[in-house]
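Some notes on the structure that comes next.
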Amino acid sequence: MSEQIFDLKGEMSLLTVLVLHSTDMHAIGAALQAKQQQTSQFLARSPIIIDCQLLGESGLELEFTQLKMLLTQVGFVPVGLRNLWEAAEAAASEAGWALLRPSKQQVSQNTPPPTEVNLEVERPETVQRLVVLDRPVRSGQQVYCPYGDIVVLQHTSAGSELLAGGSVHVYGALRGRVLAGEQGDTQARIFCERLEAELIAIAGRYRLLDDIESNLKGQAVMIYLDQEKLKIVPI
Amino acid sequence: MSRIVVVTSGKGGVGKTTTSAAFATGLALKGYKTAVIDFDVGLRNLDLIMGCERRVVYDFINVISGEANLKQALIKDKRSDNLFILPASQTRDKDALTQEGVEQVLKDLTDDGFDFIICDSPAGIERGAALAMYFADDAVIVTNPEVSSVRDSDRILGLLQSRTRKAERGESIREHLLITRYSPARVANGDMLAMEDILEILAVPLIGVIPESGSVLQASNSGVPVIIDKESTAGQAYDDFVRRFLGETVPHRFLEVEKKGLFKRLFGG
């Protein structure tokens, strides 16, 4: 009669990927600092994966301990390395890095394109379960509620972005990008009065408007995840 | 207390400076003491549209950097004693524009008893545009009936809600949408976005629609703000806009294709 303590699942979540072009720790440190100054709010406590594909053999030159430190300093939570040159793996493990299996197809299918970091970042200072907005979300604005739901009482514009750990409700036209279940919550849903979105995603599974059946465009819909597939149904 | 109004759009070439010139002139002719400031450092245009380009001695940057005082730099308009123009610098870099400097100039104008200060924003969302909007109480968002202009105005509306002193204090700027270069005939043909579509996307109160008119270009080239031209539809529409801004209720005009054209279209003429 033992109660189950946990489930161990293999799942893809939405993660930021840092693709290294250089092994120069000094340059990487400086670039990270600059990025942080632009977008400090956005990067705070984001898990991050380092992709070493472009480095090839020069991945051997990486100083793994220092890399971890640099990322932690600017507020990232380093998760692991991928596409690292094989001979460098031992050194990386020693420095405490996880090595992720290369899974190119899966990554390109299930992960939305890297989030643009040059957007306006508008998000509350404290952890919130709910963000309610009574003004339109404009092009270039980003609303981020990592641990809760977002409710927009007006429309969202093309070029805007809603990122919620939970569900998203839009009582108007949904024209921008919307990512629900951003931390991997597959139960999250998206509701809107008029579907005109550029991109919709739940727990990392995404679709572009072009892929959406045209009879659903402009309709009031609910979007949810059925197994691995995004389902859009009229409401 | 002066009311500071930014005329902005994001996109270039939509009619910000034309609007600023007409707006400031209209307010002054109605008896309000008005200053209009060109924030487009390096691409000075307002003086041309206002027809005072040969009277520029000192400019906005000279005042900010302490090389001249405000009184020396302000150019009195030749048509109205209530209107003053503060031109941009044509030679200096836009980095010379500082927030403290702009704040001081606006404060001095307020102390001087100006009723309205019109800030003519440069295109884009860089420093000049950011500073033009920062201290504003009202924003006039100038939009052309085409998708890229509407998208850029939407972006600017987002910035007005986050990158202004009012926003930082938890207040909000009064937003007014002004649609310029509107051609009802081209809307009817489907070449242009209709006013209703623009309002649907931007969801901002409409303060005026300025019809496309040859007299605008003519007015710009001769240095006479188009609002002076009582014969032109654009001039009349700008006058309506100023009256609405001052609180009057004025019905919108020039939104329909002229009767003859409509008749022709319906009956396949």
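Lettering and numbering for the structure tokens are positional, with chains as A, B, ... in the shown order, residues counted from 1 in each chain, and ligands counted from 1 in the shown order.
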task: Considering only C-alpha atoms, extract the chain B residues located within 6 Å of chain A and return them as a PyMOL selection string.
output: chain B and resi 154-155+158
message: Which of segment 69-256 of chain B end up as helix (DSSP H, G or I) when DSSP is run on this backbone - answer as an MDAnalysis selection string?
response: chainID B and resid 70:73 94:96 99:111 127:134 147:162 165:168 184:188 195:202 214:222 226:228 233:245
- request: Using backbone DSSP assignments, extract all strand (DSSP E or B) residues from segment 40-214 of chain B; output them as number ranges by chain.
  value: B: 75-76, 83-86, 116-120, 138-143, 174-182, 206-211
Just write the chosen residues, N, CA and C atoms, as a compact mmCIF listing (two decimals), in the first residue's frame.
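This is the output file selection.txt:
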```txt
# COMPACT_ATOMS: atom_id res chain seq x y z
N ILE B 75 11.95 80.87 -32.21
CA ILE B 75 11.64 81.72 -33.36
C ILE B 75 10.15 82.06 -33.32
N LYS B 76 9.86 83.35 -33.36
CA LYS B 76 8.46 83.75 -33.33
C LYS B 76 7.87 83.59 -34.73
N LEU B 83 2.76 81.89 -31.39
CA LEU B 83 3.42 80.67 -31.82
C LEU B 83 4.94 80.82 -31.89
N PHE B 84 5.63 79.86 -31.28
CA PHE B 84 7.09 79.87 -31.27
C PHE B 84 7.63 78.52 -31.70
N ILE B 85 8.71 78.56 -32.48
CA ILE B 85 9.30 77.33 -33.00
C ILE B 85 10.69 77.17 -32.40
N LEU B 86 10.96 75.96 -31.91
CA LEU B 86 12.31 75.65 -31.45
C LEU B 86 12.89 74.61 -32.41
N PHE B 116 0.47 75.22 -24.63
CA PHE B 116 0.74 73.92 -25.25
C PHE B 116 2.18 73.85 -25.74
N ILE B 117 2.79 72.69 -25.54
CA ILE B 117 4.11 72.43 -26.10
C ILE B 117 3.97 71.18 -26.99
N ILE B 118 4.21 71.37 -28.28
CA ILE B 118 4.08 70.27 -29.23
C ILE B 118 5.46 69.71 -29.52
N CYS B 119 5.66 68.42 -29.27
CA CYS B 119 6.95 67.79 -29.52
C CYS B 119 6.85 66.98 -30.81
N ASP B 120 7.56 67.44 -31.84
CA ASP B 120 7.54 66.74 -33.13
C ASP B 120 8.60 65.65 -33.09
N ASP B 138 -0.09 64.12 -23.52
CA ASP B 138 -0.95 63.60 -24.58
C ASP B 138 -0.06 63.09 -25.71
N ALA B 139 -0.57 62.13 -26.46
CA ALA B 139 0.15 61.70 -27.66
C ALA B 139 -0.81 61.69 -28.83
N VAL B 140 -0.38 62.29 -29.93
CA VAL B 140 -1.13 62.17 -31.18
C VAL B 140 -0.36 61.17 -32.03
N ILE B 141 -0.99 60.03 -32.30
CA ILE B 141 -0.33 58.98 -33.07
C ILE B 141 -0.78 59.11 -34.52
N VAL B 142 0.18 59.43 -35.38
CA VAL B 142 -0.13 59.66 -36.79
C VAL B 142 0.05 58.35 -37.56
N THR B 143 -0.99 57.94 -38.25
CA THR B 143 -0.97 56.65 -38.95
C THR B 143 -1.48 56.81 -40.37
N ARG B 174 -2.83 60.44 -22.46
CA ARG B 174 -4.03 60.43 -23.30
C ARG B 174 -3.60 60.18 -24.74
N GLU B 175 -4.19 59.16 -25.35
CA GLU B 175 -3.79 58.79 -26.72
C GLU B 175 -4.86 59.24 -27.71
N HIS B 176 -4.42 59.81 -28.82
CA HIS B 176 -5.34 60.25 -29.87
C HIS B 176 -4.82 59.74 -31.20
N LEU B 177 -5.68 59.07 -31.95
CA LEU B 177 -5.25 58.55 -33.25
C LEU B 177 -5.63 59.52 -34.36
N LEU B 178 -4.64 59.88 -35.17
CA LEU B 178 -4.89 60.74 -36.32
C LEU B 178 -4.49 59.97 -37.59
N ILE B 179 -5.46 59.72 -38.43
CA ILE B 179 -5.18 59.01 -39.69
C ILE B 179 -4.94 60.05 -40.77
N THR B 180 -3.79 59.95 -41.44
CA THR B 180 -3.48 60.94 -42.48
C THR B 180 -3.38 60.24 -43.84
N ARG B 181 -3.42 61.03 -44.89
CA ARG B 181 -3.34 60.55 -46.27
C ARG B 181 -4.45 59.55 -46.59
N TYR B 182 -5.64 59.80 -46.06
CA TYR B 182 -6.76 58.89 -46.24
C TYR B 182 -7.45 59.18 -47.57
N LEU B 206 -10.24 57.92 -31.95
CA LEU B 206 -9.90 58.64 -33.18
C LEU B 206 -10.12 60.14 -32.97
N ILE B 207 -9.11 60.94 -33.34
CA ILE B 207 -9.28 62.39 -33.20
C ILE B 207 -9.41 63.08 -34.54
N GLY B 208 -9.06 62.39 -35.61
CA GLY B 208 -9.22 63.03 -36.90
C GLY B 208 -8.79 62.14 -38.05
N VAL B 209 -9.32 62.44 -39.22
CA VAL B 209 -8.91 61.76 -40.45
C VAL B 209 -8.59 62.86 -41.46
N ILE B 210 -7.35 62.90 -41.91
CA ILE B 210 -6.93 63.93 -42.87
C ILE B 210 -6.92 63.30 -44.25
N PRO B 211 -7.72 63.83 -45.17
CA PRO B 211 -7.75 63.22 -46.50
C PRO B 211 -6.47 63.49 -47.28
```
Within 8 Å of Gln161 of chain B using only C-alpha atoms, minus same-chain residues under 3 positions, as a VMD selection string: chain B and resid 157 to 158 164 167 172 to 173
field: Residues within 8 Å of segment 58-61 of chain A, only C-alpha atoms, excluding chain neighbours under 6 positions, as a ChimeraX atom specification
entry: /A:23,52,84-85,87-88
- request: May I have the residues within 12 Å of Gly214 of chain B as a list in words, using only C-alpha atoms and disregarding those fewer than 6 positions away in the same chain?
  value: Arg181, Ser183, Ser220, Asn221, Val226, Asp229, Glu231, Ser232, Thr233, Ala234 and Gly235 of chain B
Show which residues sit within 10 Å of Pro234 of chain A, as an mmCIF file with C-alpha atoms, in the first residue's frame. Count only C-alpha atoms, and ignore same-chain residues fewer than 3 positions away.
```cif
data_model
loop_
_atom_site.group_PDB
_atom_site.id
_atom_site.type_symbol
_atom_site.label_atom_id
_atom_site.label_comp_id
_atom_site.auth_asym_id
_atom_site.auth_seq_id
_atom_site.Cartn_x
_atom_site.Cartn_y
_atom_site.Cartn_z
ATOM 1 C CA PHE A 191 -8.732 30.464 -24.990
ATOM 2 C CA CYS A 192 -9.471 33.366 -27.279
ATOM 3 C CA GLU A 193 -12.421 35.141 -28.839
ATOM 4 C CA ARG A 194 -10.818 35.400 -32.257
ATOM 5 C CA LEU A 195 -7.943 33.246 -33.373
ATOM 6 C CA ASN A 215 -12.098 27.581 -40.960
ATOM 7 C CA LEU A 216 -10.832 28.089 -37.407
ATOM 8 C CA LYS A 217 -9.202 31.428 -38.130
ATOM 9 C CA GLN A 219 -13.214 31.920 -34.550
ATOM 10 C CA ALA A 220 -13.575 31.741 -30.793
ATOM 11 C CA VAL A 221 -11.511 28.693 -29.901
ATOM 12 C CA MET A 222 -9.964 26.641 -27.152
ATOM 13 C CA ILE A 223 -6.535 25.144 -27.704
#
```
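Here atom CA of Leu74 of chain B and atom CA of Arg243 of chain B stand 25.5 Å from one another.
The neighbours of Val224 of chain B here are the residues that come within 10 Å of it, using only C-alpha atoms and leaving out any residue fewer than 5 positions away in the same chain; they are Thr18, Ala21, Ala22, Thr25, Leu48, Ile49, Met50, Gly51, Cys52, Arg79, Val216, Gln218, Ala219 and Asp229 of chain B.
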query: Quick one: distance from atom CA of His21 of chain A to atom CA of Ile50 of chain A in Å, one decimal?
result: 10.8 Å
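Residue nearest Ile150 of chain A, chosen from A:Val168, A:Leu8, A:Leu100, A:Leu133 and counting only C-alpha atoms: A:Val168.
Of note, atom CA of Ala95 of chain A and atom CA of Leu67 of chain A are spaced 9.7 Å apart.
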Nearest residue to Val14 of chain B from the set B:Ala136, B:Val150, B:Leu43, B:Ile198 (distances using only C-alpha atoms): B:Val150
